[in-house]
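A.B. asks: upload_25.cif is reproduced below (mmCIF, C-alpha atoms).
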```
data_query
#
loop_
_atom_site.label_atom_id
_atom_site.label_comp_id
_atom_site.auth_asym_id
_atom_site.auth_seq_id
_atom_site.Cartn_x
_atom_site.Cartn_y
_atom_site.Cartn_z
CA MET A 1 17.02 19.95 -95.98
CA LYS A 2 20.40 20.74 -97.49
CA LYS A 3 19.16 24.20 -98.54
CA VAL A 4 17.90 24.88 -94.99
CA THR A 5 21.25 23.84 -93.54
CA ILE A 6 23.17 26.13 -95.90
CA ILE A 7 20.90 29.09 -95.17
CA THR A 8 21.15 28.44 -91.41
CA LEU A 9 24.94 28.23 -91.53
CA ALA A 10 25.18 31.38 -93.64
CA THR A 11 22.93 33.28 -91.24
CA LEU A 12 24.92 32.08 -88.24
CA SER A 13 28.17 33.16 -89.89
CA ILE A 14 26.82 36.65 -90.49
CA VAL A 15 25.59 36.88 -86.90
CA ILE A 16 28.97 35.73 -85.55
CA LEU A 17 30.90 38.17 -87.74
CA PHE A 18 28.66 41.05 -86.77
CA SER A 19 28.67 40.31 -83.05
CA SER A 20 32.43 39.78 -82.86
CA ASN A 21 32.98 43.19 -84.39
CA PHE A 22 30.43 44.64 -82.01
CA ILE A 23 32.00 42.95 -79.00
CA PHE A 24 35.63 43.59 -79.74
CA GLY A 25 35.17 47.05 -81.20
CA SER A 26 37.61 48.94 -83.37
CA ASN A 27 41.36 48.89 -82.94
CA GLU A 28 41.86 52.57 -82.01
CA SER A 29 45.28 53.93 -81.15
CA GLU A 30 45.06 55.03 -77.52
CA PHE A 31 48.45 56.62 -76.80
CA VAL A 32 52.12 56.50 -77.59
CA GLU A 33 54.55 54.40 -75.57
CA LEU A 34 58.26 55.11 -75.88
CA ASP A 35 60.74 52.24 -76.08
CA TYR A 36 63.60 53.14 -73.74
CA ASN A 37 65.77 50.32 -75.07
CA ASN A 38 66.70 52.87 -77.75
CA VAL A 39 67.28 55.82 -75.45
CA GLU A 40 71.10 55.69 -75.54
CA LYS A 41 71.08 55.81 -79.33
CA ALA A 42 68.68 58.76 -79.26
CA VAL A 43 70.79 60.60 -76.66
CA ASN A 44 73.98 60.11 -78.67
CA GLN A 45 72.26 61.43 -81.76
CA VAL A 46 71.02 64.52 -79.92
CA PHE A 47 74.48 65.14 -78.44
CA LYS A 48 75.65 65.79 -82.01
CA ASN A 49 73.51 68.93 -81.86
CA ILE A 50 73.65 69.92 -78.21
CA ASN A 51 76.85 70.21 -76.23
CA PRO A 52 76.45 68.19 -72.98
CA SER A 53 78.06 71.01 -71.01
CA LYS A 54 75.12 73.26 -71.92
CA ILE A 55 72.78 71.00 -69.91
CA GLY A 56 74.96 70.50 -66.89
CA LEU A 57 76.78 67.39 -68.04
CA SER A 58 80.48 66.84 -68.39
CA LYS A 59 81.89 66.20 -71.82
CA ALA A 60 80.67 62.89 -73.22
CA GLU A 61 83.86 60.98 -72.51
CA GLU A 62 84.10 62.16 -68.90
CA LYS A 63 80.48 61.40 -67.90
CA GLY A 64 78.73 62.70 -64.80
CA LEU A 65 77.53 66.12 -63.75
CA SER A 66 79.50 69.23 -64.48
CA ILE A 67 80.79 71.18 -61.48
CA ALA A 68 78.32 73.97 -62.23
CA ALA A 69 75.41 71.51 -62.21
CA GLU A 70 76.31 70.29 -58.77
CA LYS A 71 75.42 73.74 -57.47
CA ALA A 72 71.79 73.15 -58.57
CA LYS A 73 70.72 72.79 -54.94
CA GLU A 74 72.00 76.27 -54.08
CA ILE A 75 70.89 78.53 -56.92
CA PRO A 76 67.64 80.55 -57.11
CA ILE A 77 64.77 78.34 -58.28
CA ILE A 78 64.17 80.33 -61.44
CA GLU A 79 67.70 79.55 -62.59
CA LEU A 80 66.87 75.84 -62.61
CA ILE A 81 64.78 76.44 -65.74
CA SER A 82 67.01 75.94 -68.78
CA ASP A 83 66.04 76.40 -72.43
CA ASP A 84 68.75 73.96 -73.48
CA LYS A 85 67.73 71.22 -71.07
CA ILE A 86 64.09 71.41 -72.15
CA THR A 87 65.21 71.35 -75.78
CA PHE A 88 67.42 68.32 -75.07
CA ARG A 89 64.54 66.38 -73.52
CA ALA A 90 62.19 67.27 -76.38
CA MET A 91 64.77 66.26 -78.97
CA VAL A 92 65.46 62.90 -77.30
CA GLU A 93 61.74 62.11 -77.32
CA HIS A 94 61.43 63.32 -80.91
CA VAL A 95 64.18 60.92 -82.00
CA MET A 96 62.67 58.06 -79.96
CA LEU A 97 59.32 58.67 -81.64
CA GLY A 98 61.07 58.05 -84.93
CA GLY A 99 61.45 61.67 -85.98
CA LYS A 100 63.17 61.41 -89.33
CA SER A 101 65.14 64.59 -89.00
CA ILE A 102 65.78 66.59 -85.91
CA ALA A 103 63.77 69.74 -86.49
CA ILE A 104 66.18 71.61 -84.29
CA ASN A 105 64.88 75.08 -84.85
CA SER A 106 61.21 74.38 -84.22
CA ILE A 107 61.91 72.15 -81.20
CA HIS A 108 64.25 74.80 -79.81
CA GLU A 109 61.67 77.56 -80.34
CA ASN A 110 58.90 75.54 -78.65
CA SER A 111 61.24 74.67 -75.79
CA LYS A 112 62.23 78.32 -75.32
CA GLN A 113 58.55 79.21 -75.13
CA ARG A 114 57.96 76.49 -72.57
CA ALA A 115 60.91 77.61 -70.44
CA ASN A 116 59.64 81.18 -70.59
CA ILE A 117 56.19 80.11 -69.38
CA LEU A 118 57.75 78.16 -66.52
CA ARG A 119 59.85 81.17 -65.45
CA GLN A 120 56.85 83.45 -65.62
CA SER A 121 54.87 80.91 -63.57
CA ILE A 122 57.47 81.10 -60.81
CA ILE A 123 57.36 84.91 -60.89
CA THR A 124 53.54 85.04 -61.00
CA ALA A 125 53.20 82.59 -58.14
CA GLU A 126 55.31 84.89 -55.96
CA ASN A 127 54.14 88.31 -57.11
CA VAL A 128 50.42 87.62 -57.51
CA TYR A 129 49.73 84.80 -55.05
CA GLY A 130 52.59 85.08 -52.56
CA VAL A 131 53.78 81.51 -53.15
CA THR A 132 57.47 80.64 -53.31
CA VAL A 133 59.46 77.43 -53.35
CA SER A 134 62.70 76.73 -51.50
CA GLN A 135 65.49 74.32 -52.35
CA ASP A 136 64.83 72.45 -49.11
CA GLU A 137 61.21 71.91 -50.12
CA ILE A 138 62.33 70.52 -53.48
CA THR A 139 64.77 68.15 -51.81
CA LYS A 140 62.09 66.97 -49.40
CA TYR A 141 59.64 66.39 -52.27
CA ILE A 142 62.23 64.28 -54.10
CA ASP A 143 63.06 62.41 -50.86
CA ASP A 144 59.40 61.62 -50.16
CA LYS A 145 57.89 61.05 -53.59
CA ILE A 146 60.53 60.46 -56.24
CA ALA A 147 63.83 58.95 -55.13
CA HIS A 148 62.42 55.64 -53.88
CA ILE A 149 60.70 54.88 -57.19
CA VAL A 150 62.64 52.27 -59.11
CA ASN A 151 61.97 52.50 -62.80
CA GLU A 152 63.84 50.72 -65.58
CA ASP A 153 63.29 53.49 -68.11
CA LYS A 154 64.67 56.06 -65.68
CA GLN A 155 67.74 53.90 -65.07
CA LYS A 156 68.37 53.47 -68.80
CA PHE A 157 68.14 57.20 -69.37
CA ALA A 158 70.42 57.98 -66.43
CA VAL A 159 73.06 55.58 -67.76
CA SER A 160 72.75 57.06 -71.25
CA ILE A 161 73.69 60.54 -69.99
CA GLY A 162 76.35 59.24 -67.61
CA LEU A 163 74.47 59.81 -64.35
CA THR A 164 73.33 57.74 -61.41
CA THR A 165 69.58 57.75 -60.74
CA TYR A 166 70.33 59.81 -57.61
CA GLU A 167 71.99 62.49 -59.74
CA LEU A 168 69.12 62.32 -62.24
CA ASP A 169 66.45 62.77 -59.56
CA TYR A 170 68.15 65.32 -57.30
CA VAL A 171 70.06 67.40 -59.86
CA PHE A 172 69.29 66.87 -63.55
CA ASP A 173 65.48 66.65 -63.22
CA ARG A 174 65.40 69.10 -60.31
CA ASP A 175 63.63 71.73 -62.42
CA ILE A 176 60.70 69.34 -63.01
CA TYR A 177 60.22 68.70 -59.30
CA ALA A 178 60.62 72.39 -58.45
CA MET A 179 57.52 73.00 -60.55
CA ASP A 180 55.68 70.08 -58.88
CA VAL A 181 56.32 71.68 -55.49
CA LEU A 182 55.15 75.04 -56.81
CA TRP A 183 51.93 73.54 -58.22
CA ASP A 184 51.27 71.61 -55.01
CA LYS A 185 51.63 74.80 -53.00
CA ILE A 186 49.69 77.08 -55.27
CA ILE A 187 46.65 74.87 -55.93
CA PRO A 188 45.07 75.40 -52.48
CA VAL A 189 45.76 79.15 -52.78
CA LEU A 190 44.05 79.26 -56.17
CA MET A 191 41.11 77.23 -54.83
CA LYS A 192 40.67 79.78 -52.05
CA THR A 193 41.02 82.71 -54.43
CA TYR A 194 38.64 81.22 -56.99
CA PRO A 195 36.11 79.09 -55.09
CA GLN A 196 34.12 76.37 -56.82
CA TYR A 197 30.58 77.29 -57.91
CA GLU A 198 27.74 75.24 -56.50
CA ASP A 199 26.87 73.45 -59.73
CA GLU A 200 30.41 73.32 -61.14
CA ASN A 201 31.95 69.89 -61.65
CA GLU A 202 35.54 69.15 -60.63
CA ASN A 203 36.96 69.03 -64.15
CA ASN A 204 35.50 72.38 -65.19
CA TYR A 205 36.52 73.95 -61.91
CA PHE A 206 40.12 72.85 -62.28
CA ASP A 207 40.24 74.14 -65.84
CA ARG A 208 38.92 77.47 -64.58
CA ILE A 209 41.48 77.94 -61.82
CA LYS A 210 44.27 76.98 -64.24
CA GLU A 211 42.95 79.55 -66.71
CA ASN A 212 42.84 82.20 -64.00
CA PHE A 213 46.47 81.52 -63.09
CA TYR A 214 47.72 81.70 -66.68
CA LYS A 215 45.82 84.88 -67.50
CA HIS A 216 48.71 86.66 -65.70
CA ILE A 217 51.24 85.15 -68.11
CA GLU A 218 51.97 85.72 -71.78
CA THR A 219 51.59 82.30 -73.31
CA MET B 1 13.37 -0.07 -71.41
CA VAL B 2 11.61 2.05 -74.05
CA LYS B 3 10.03 4.12 -71.30
CA PHE B 4 13.45 4.57 -69.69
CA LYS B 5 14.97 5.65 -72.99
CA ARG B 6 12.10 8.08 -73.52
CA ILE B 7 12.53 9.61 -70.05
CA THR B 8 16.28 9.87 -70.54
CA PHE B 9 15.81 11.55 -73.90
CA MET B 10 13.29 14.02 -72.49
CA PHE B 11 15.64 14.84 -69.61
CA LEU B 12 18.58 15.39 -71.97
CA PHE B 13 16.43 17.48 -74.30
CA ALA B 14 15.26 19.68 -71.42
CA SER B 15 18.87 20.07 -70.16
CA LEU B 16 19.86 21.40 -73.55
CA PHE B 17 17.83 24.52 -72.82
CA PHE B 18 20.10 25.33 -69.93
CA VAL B 19 22.95 25.48 -72.40
CA ILE B 20 21.45 27.18 -75.44
CA THR B 21 18.64 29.25 -73.97
CA ASP B 22 19.04 33.01 -74.33
CA PRO B 23 21.10 33.70 -71.20
CA THR B 24 19.77 37.21 -70.81
CA SER B 25 16.55 35.74 -69.58
CA ALA B 26 18.31 33.98 -66.69
CA ASP B 27 17.52 34.87 -63.08
CA ALA B 28 19.87 35.90 -60.30
CA ASN B 29 21.49 38.95 -61.81
CA THR B 30 24.41 39.80 -59.54
CA HIS B 31 26.12 43.16 -59.10
CA THR B 32 29.82 42.99 -58.28
CA SER B 33 31.60 46.19 -57.37
CA ARG B 34 35.14 46.91 -56.24
CA TYR B 35 36.90 50.05 -55.00
CA TYR B 36 40.63 50.72 -55.15
CA SER B 37 42.89 53.64 -54.24
CA GLY B 38 46.60 54.32 -54.33
CA THR B 39 49.38 56.06 -56.22
CA ILE B 40 50.63 55.53 -59.74
CA SER B 41 54.13 56.63 -60.68
CA HIS B 42 55.47 56.89 -64.19
CA TRP B 43 58.71 58.19 -65.66
CA SER B 44 59.52 59.71 -69.04
CA VAL B 45 62.31 61.95 -70.35
CA SER B 46 60.21 65.10 -70.62
CA THR B 47 58.02 64.67 -67.53
CA GLY B 48 60.43 63.00 -65.11
CA THR B 49 58.44 61.01 -62.54
CA THR B 50 54.73 61.77 -62.57
CA VAL B 51 53.01 60.85 -59.32
CA THR B 52 49.23 60.48 -59.55
CA ASP B 53 46.96 59.69 -56.62
CA PHE B 54 43.89 57.79 -57.71
CA ARG B 55 40.64 56.24 -56.63
CA TYR B 56 39.02 53.71 -58.97
CA ALA B 57 35.77 51.77 -58.79
CA LEU B 58 34.28 49.21 -61.11
CA ASP B 59 30.78 47.71 -61.38
CA VAL B 60 29.71 44.62 -63.26
CA GLU B 61 26.24 43.12 -63.48
CA HIS B 62 26.36 39.47 -64.41
CA SER B 63 24.52 36.18 -64.10
CA TYR B 64 25.40 32.51 -64.25
CA THR B 65 23.13 29.80 -65.59
CA GLY B 66 25.38 27.27 -67.22
CA ARG B 67 27.58 30.08 -68.46
CA THR B 68 28.56 33.61 -67.35
CA THR B 69 26.76 36.52 -68.93
CA VAL B 70 27.83 40.09 -68.33
CA HIS B 71 24.88 42.47 -68.73
CA TYR B 72 26.48 45.75 -67.71
CA SER B 73 29.97 47.19 -67.11
CA GLY B 74 30.84 50.47 -65.44
CA HIS B 75 33.82 52.29 -64.00
CA TRP B 76 34.45 55.52 -62.08
CA TYR B 77 37.67 57.30 -61.14
CA ASN B 78 39.09 60.29 -59.31
CA TYR B 79 42.72 61.27 -59.74
CA TYR B 80 45.12 64.06 -58.79
CA THR B 81 48.56 65.14 -59.85
CA PRO B 82 50.05 68.62 -59.37
CA ARG B 83 50.96 68.43 -63.06
CA PHE B 84 47.37 69.47 -63.86
CA MET B 85 48.74 73.02 -63.60
CA ASP B 86 51.39 72.55 -66.30
CA PHE B 87 50.56 74.79 -69.24
CA ASN B 88 51.94 72.47 -71.91
CA PHE B 89 50.43 69.20 -70.72
CA SER B 90 46.84 68.14 -70.23
CA TYR B 91 46.10 65.08 -68.14
CA THR B 92 43.08 62.84 -68.62
CA GLY B 93 41.99 59.54 -67.16
CA ALA B 94 40.74 56.52 -69.07
CA SER B 95 39.70 52.94 -68.45
CA SER B 96 39.41 49.73 -70.43
CA PHE B 97 37.88 46.33 -69.62
CA GLU B 98 38.79 42.88 -70.91
CA TYR B 99 36.67 39.84 -70.14
CA ARG B 100 38.28 36.39 -70.43
CA GLU B 101 37.04 32.90 -69.71
CA PHE B 102 39.99 32.29 -67.42
CA PRO B 103 42.79 34.73 -66.46
CA SER B 104 44.77 34.38 -69.69
CA GLY B 105 42.14 32.59 -71.71
CA ARG B 106 39.77 33.36 -74.51
CA LEU B 107 38.70 36.96 -74.75
CA PHE B 108 34.90 37.01 -74.82
CA GLY B 109 34.35 40.73 -74.48
CA SER B 110 36.20 44.02 -74.27
CA ILE B 111 35.51 47.72 -73.89
CA GLY B 112 38.19 50.11 -75.15
CA ILE B 113 38.92 53.47 -73.60
CA PHE B 114 36.84 55.26 -76.22
CA SER B 115 33.88 52.88 -76.03
CA TRP B 116 31.90 53.95 -72.96
CA PRO B 117 28.65 55.50 -74.25
CA THR B 118 27.22 56.58 -70.88
CA ARG B 119 28.33 57.50 -67.35
CA ASN B 120 28.55 54.69 -64.80
CA LYS B 121 25.03 54.33 -63.44
CA TYR B 122 26.35 53.60 -59.93
CA GLN B 123 26.98 56.85 -58.09
CA TYR B 124 30.17 57.40 -56.14
CA LEU B 125 30.90 60.45 -54.03
CA THR B 126 33.74 62.52 -55.31
CA GLN B 127 35.48 64.27 -52.49
CA GLY B 128 35.88 67.58 -54.18
CA SER B 129 38.71 69.29 -55.93
CA PRO B 130 41.54 69.20 -56.74
CA TRP B 131 40.68 65.68 -57.86
CA ARG B 132 39.51 65.31 -61.42
CA SER B 133 36.98 62.61 -62.23
CA GLY B 134 35.50 60.49 -64.94
CA SER B 135 33.21 57.51 -65.41
CA GLY B 136 31.84 55.20 -68.07
CA GLY B 137 28.99 52.72 -68.50
CA ASN B 138 28.38 50.09 -71.16
CA SER B 139 25.34 47.84 -71.57
CA ASN B 140 26.80 45.39 -74.10
CA THR B 141 26.17 41.73 -73.27
CA PHE B 142 29.14 39.39 -73.23
CA THR B 143 28.78 35.64 -72.74
CA THR B 144 31.23 32.83 -72.09
CA ASN B 145 31.09 29.32 -73.43
CA ALA B 146 29.18 26.73 -71.40
CA LEU B 147 30.27 26.24 -67.77
CA GLU B 148 32.87 29.05 -67.90
CA ARG B 149 33.27 31.86 -65.37
CA GLY B 150 34.27 35.39 -66.30
CA HIS B 151 37.56 37.07 -65.40
CA LEU B 152 37.72 40.80 -65.76
CA THR B 153 40.92 42.76 -66.17
CA ALA B 154 40.18 46.46 -65.77
CA ARG B 155 42.83 49.06 -66.45
CA PHE B 156 42.99 52.67 -65.32
CA PHE B 157 45.25 54.94 -67.37
CA VAL B 158 46.63 58.41 -66.84
CA ARG B 159 47.11 59.96 -70.25
CA CYS B 160 49.11 63.12 -70.85
CA THR B 161 48.86 65.13 -74.03
CA THR B 162 51.36 67.66 -75.30
CA ASN B 163 51.83 69.13 -78.77
CA GLY B 164 49.06 66.92 -80.11
CA THR B 165 50.65 63.63 -78.97
CA THR B 166 49.15 61.58 -76.16
CA PHE B 167 51.41 59.47 -73.98
CA ASN B 168 50.72 56.84 -71.37
CA CYS B 169 51.67 58.57 -68.10
CA GLY B 170 50.90 55.69 -65.81
CA GLN B 171 48.46 52.82 -65.44
CA ARG B 172 47.18 50.29 -62.96
CA GLU B 173 45.49 46.95 -63.55
CA PHE B 174 42.77 45.23 -61.49
CA THR B 175 41.56 41.66 -61.96
CA ILE B 176 38.40 40.07 -60.56
CA THR B 177 36.73 36.72 -61.06
CA TYR B 178 33.02 36.02 -60.79
#
```
Any chance you could give the structure as structure tokens?

C.D. replies:
Amino acid sequence: MKKVTIITLATLSIVILFSSNFIFGSNESEFVELDYNNVEKAVNQVFKNINPSKIGLSKAEEKGLSIAAEKAKEIPIIELISDDKITFRAMVEHVMLGGKSIAINSIHENSKQRANILRQSIITAENVYGVTVSQDEITKYIDDKIAHIVNEDKQKFAVSIGLTTYELDYVFDRDIYAMDVLWDKIIPVLMKTYPQYEDENENNYFDRIKENFYKHIET
Amino acid sequence: MVKFKRITFMFLFASLFFVITDPTSADANTHTSRYYSGTISHWSVSTGTTVTDFRYALDVEHSYTGRTTVHYSGHWYNYYTPRFMDFNFSYTGASSFEYREFPSGRLFGSIGIFSWPTRNKYQYLTQGSPWRSGSGGNSNTFTTNALERGHLTARFFVRCTTNGTTFNCGQREFTITY
């Protein structure tokens, strides 16, 4: 009787261990989440390598936007794209991800490449597909979709670079939303130019129209 | 008195089967489905605010005979953000399920974002491009303790990948009880 009990308990234990692993699965890493409680520290570290004036900010002790940056709503869209600003953003994230040393050169090179692709995208959209973006359209996009969103991480970042969230949305991050407006406008044009095949699923179709757009650009 | 004791014992013995019987043989399999739509916004230094329109549906087949048993779980989603066109970022959707015995109680089953072996067997119409889509189905059986109901927390994620690193670019949570 005792033997039977021991065997039964042992079997049950094995079943429980097996099924709990089966039920709860493995502990895979799904994605990275940044902790914006450390953003000010990261920004200050990056400012040792990038002069704030190069990205439209006043000197660190003065805070706020530089006078030149305030003209962001008047300049040609392509001039919104800045190698230094993209580098700054990439470096801040690199530091927040625990990057041990700021690999300035490689981040700067990748950022220059990215900025170049964005500029070429603006040119291609106009020259090949007849799509342009105006400053008014960007402002309206920010009014309708961006400015009302309250986000703690955004607020922390704005404070860390000496801006209000209004200045962050409408001026500092204006280049990001310029591209959003461009993509929104060009997607229907691309869909008309490259119609979906009958048996083509949405994901493959979208990859195809994206590929067709970028074939005009040196990536 | 002996007869009474015997009847009582037989009744109690028979009741035990309601508690320990293999629940997958229970009747009254119920299909619960829910449909949600809306907008997810997310902010990060390099992406600014990402705005993603989404549609999300979930399907659960379950039964209750003395305890809740989940026989099947499925999800389906459509989502759109103009950022799909960005050369340096790729956007994908994902979903995870957590089953608890009460809203913040014992976890009795979960399905991670990489653990959906099949498509959701329930068909939903996708209303064409430029929405991207995805779905997942899982036939694992999850069972509560006796007399407990199941609470499902389903999560839909927008993931964005750049330079080999994948970030959370927005999520939404849905909770149902059955």

A.B. asks: Taking the file as shown, what set of residues would the PyMOL selection byres ((chain B) within 8 of (chain A)) give back, as a PyMOL selection string?

C.D. replies: chain B and resi 41-49+51+82-83+85+87-88+108-113+115+128-133+140+142+159+165-168

A.B. asks: Can you spell out as a PDB file with C-alpha atoms, in the frame of the given file the set of residues that the PyMOL selection byres ((chain B and resi 149) around 9) selects in the structure I just provided?

C.D. replies:
```pdb
ATOM      1  CA  TYR B  64      25.400  32.510 -64.250  1.00  0.00           C
ATOM      2  CA  ARG B  67      27.580  30.080 -68.460  1.00  0.00           C
ATOM      3  CA  THR B  68      28.560  33.610 -67.350  1.00  0.00           C
ATOM      4  CA  THR B  69      26.760  36.520 -68.930  1.00  0.00           C
ATOM      5  CA  ARG B 100      38.280  36.390 -70.430  1.00  0.00           C
ATOM      6  CA  GLU B 101      37.040  32.900 -69.710  1.00  0.00           C
ATOM      7  CA  PHE B 102      39.990  32.290 -67.420  1.00  0.00           C
ATOM      8  CA  THR B 144      31.230  32.830 -72.090  1.00  0.00           C
ATOM      9  CA  ASN B 145      31.090  29.320 -73.430  1.00  0.00           C
ATOM     10  CA  ALA B 146      29.180  26.730 -71.400  1.00  0.00           C
ATOM     11  CA  LEU B 147      30.270  26.240 -67.770  1.00  0.00           C
ATOM     12  CA  GLU B 148      32.870  29.050 -67.900  1.00  0.00           C
ATOM     13  CA  GLY B 150      34.270  35.390 -66.300  1.00  0.00           C
ATOM     14  CA  HIS B 151      37.560  37.070 -65.400  1.00  0.00           C
ATOM     15  CA  THR B 177      36.730  36.720 -61.060  1.00  0.00           C
ATOM     16  CA  TYR B 178      33.020  36.020 -60.790  1.00  0.00           C
TER      17      TYR B 178
END
```

A.B. asks: Of the candidates A:Ile75, A:Leu57, A:Leu97, A:Ala178, which one gets nearest to A:Leu163 if we count only C-alpha atoms?

C.D. replies: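 Using only C-alpha atoms, the shortest distance to A:Leu163 belongs to A:Leu57.
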
A.B. asks: Can you pull out the residues contacting B:Ser33? Cut-off 9 Å, using all atoms listed in the file, and skip same-chain residues under 4 positions away; I want them as a list in words.

C.D. replies: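 Listing them by chain and then by number gives Ala57, Leu58, Asp59, Val60 and Glu61 of chain B.
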
A.B. asks: Mind checking which residues fall within 10 Å of B:Ala28, counting all atoms listed in the file, ignoring those fewer than 5 positions away in the same chain, and posting them as a list of chain:residue names?

C.D. replies: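 Residues meeting the cut-off are B:His62, B:Ser63, B:Tyr64, B:Thr65.
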
A.B. asks: Do a neighbour search on A:Asn127 at 12 Å with only C-alpha atoms, toss out local chain neighbours closer than 4 positions, and write the hits as a ChimeraX atom specification.

C.D. replies: /A:120-123,131-132,213,216-217

A.B. asks: Output C-alpha atoms for every residue in that selection, as a CSV table (one decimal), keeping the file's coordinate frame.

C.D. replies:
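That gives us again-v1.csv:
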```
chain,number,residue,atom,x,y,z
A,120,GLN,CA,56.8,83.4,-65.6
A,121,SER,CA,54.9,80.9,-63.6
A,122,ILE,CA,57.5,81.1,-60.8
A,123,ILE,CA,57.4,84.9,-60.9
A,131,VAL,CA,53.8,81.5,-53.2
A,132,THR,CA,57.5,80.6,-53.3
A,213,PHE,CA,46.5,81.5,-63.1
A,216,HIS,CA,48.7,86.7,-65.7
A,217,ILE,CA,51.2,85.2,-68.1
```

A.B. asks: Atom CA of B:Ser90 and atom CA of B:Thr162 are how many Å apart?

C.D. replies: 6.8 Å

A.B. asks: Once you add 4 Å to each side, what are the centre and edge lengths of the axis-aligned box holding all listed atoms of stretch 76-81 of chain A? One decimal in Å, as JSON, if you can.

C.D. replies:
```
{"center_x": 65.9, "center_y": 78.2, "center_z": -61.4, "size_x": 11.5, "size_y": 12.7, "size_z": 16.6}
```

A.B. asks: Which neighbours of B:Tyr77 fall inside 10 Å, counting all atoms listed in the file, when residues of the same chain fewer than 5 positions from it are skipped, and could you give them as a VMD selection string?

C.D. replies: chain B and resid 35 to 37 54 to 58 93 to 95 124 126 131 to 136 156

A.B. asks: Could you write those residues out with C-alpha atoms, as a CSV table (one decimal), in the frame of the given file?

C.D. replies:
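Saved to out_15.csv:
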```
chain,number,residue,atom,x,y,z
B,35,TYR,CA,36.9,50.0,-55.0
B,36,TYR,CA,40.6,50.7,-55.2
B,37,SER,CA,42.9,53.6,-54.2
B,54,PHE,CA,43.9,57.8,-57.7
B,55,ARG,CA,40.6,56.2,-56.6
B,56,TYR,CA,39.0,53.7,-59.0
B,57,ALA,CA,35.8,51.8,-58.8
B,58,LEU,CA,34.3,49.2,-61.1
B,93,GLY,CA,42.0,59.5,-67.2
B,94,ALA,CA,40.7,56.5,-69.1
B,95,SER,CA,39.7,52.9,-68.4
B,124,TYR,CA,30.2,57.4,-56.1
B,126,THR,CA,33.7,62.5,-55.3
B,131,TRP,CA,40.7,65.7,-57.9
B,132,ARG,CA,39.5,65.3,-61.4
B,133,SER,CA,37.0,62.6,-62.2
B,134,GLY,CA,35.5,60.5,-64.9
B,135,SER,CA,33.2,57.5,-65.4
B,136,GLY,CA,31.8,55.2,-68.1
B,156,PHE,CA,43.0,52.7,-65.3
```

A.B. asks: Can you work out the spacing between atom CA of B:Leu125 and atom CA of B:Phe97 in Å, to one decimal?

C.D. replies: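 Answer for the atom CA of B:Leu125 to atom CA of B:Phe97 separation: 22.2 Å.
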
A.B. asks: Find the distance between atom CA of B:Gly38 and atom CA of B:Thr92 and write it in Å to one decimal.

C.D. replies: 17.0 Å

A.B. asks: Hey, which of A:Asn37, A:Thr124, A:Ile161, A:Ala115 ends up closest to A:Ser53? Count all atoms listed in the file.

C.D. replies: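 Ranked by minimum distance to A:Ser53, first place goes to A:Ile161.
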
A.B. asks: Find the residue from B:Thr39, B:Lys121, B:Arg6, B:Gly66 that sits nearest to B:Asn78; use all atoms listed in the file when measuring.

C.D. replies: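 Using all atoms listed in the file, B:Asn78 sits closest to B:Thr39.
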
A.B. asks: Please determine, counting all atoms listed in the file, which residue among A:Ser58, A:Ser134, A:Asp143, A:Val46 has the shortest atom-to-atom distance to A:Ala103.

C.D. replies: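 Using all atoms listed in the file, A:Ala103 sits closest to A:Val46.
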
A.B. asks: Can you put N, CA and C atoms back into stretch 157-166 of chain B and show it as a short mmCIF file (atom, residue, chain, number, x, y, z; two decimals), keeping the file's coordinate frame?

C.D. replies:
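Saved to result.cif:
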```
data_model
loop_
_atom_site.label_atom_id
_atom_site.label_comp_id
_atom_site.auth_asym_id
_atom_site.auth_seq_id
_atom_site.Cartn_x
_atom_site.Cartn_y
_atom_site.Cartn_z
N PHE B 157 44.10 54.29 -66.75
CA PHE B 157 45.25 54.94 -67.37
C PHE B 157 45.25 56.43 -67.03
N VAL B 158 46.45 56.96 -66.87
CA VAL B 158 46.63 58.41 -66.84
C VAL B 158 47.27 58.76 -68.18
N ARG B 159 46.58 59.59 -68.93
CA ARG B 159 47.11 59.96 -70.25
C ARG B 159 47.54 61.41 -70.20
N CYS B 160 48.71 61.72 -70.80
CA CYS B 160 49.11 63.12 -70.85
C CYS B 160 49.35 63.51 -72.30
N THR B 161 48.82 64.67 -72.65
CA THR B 161 48.86 65.13 -74.03
C THR B 161 49.66 66.41 -74.12
N THR B 162 50.61 66.44 -75.04
CA THR B 162 51.36 67.66 -75.30
C THR B 162 51.67 67.73 -76.79
N ASN B 163 51.56 68.94 -77.33
CA ASN B 163 51.83 69.13 -78.77
C ASN B 163 51.10 68.11 -79.64
N GLY B 164 49.87 67.80 -79.29
CA GLY B 164 49.06 66.92 -80.11
C GLY B 164 49.36 65.43 -79.97
N THR B 165 50.34 65.06 -79.16
CA THR B 165 50.65 63.63 -78.97
C THR B 165 50.25 63.21 -77.56
N THR B 166 49.60 62.07 -77.47
CA THR B 166 49.15 61.58 -76.16
C THR B 166 50.01 60.40 -75.74
#
```
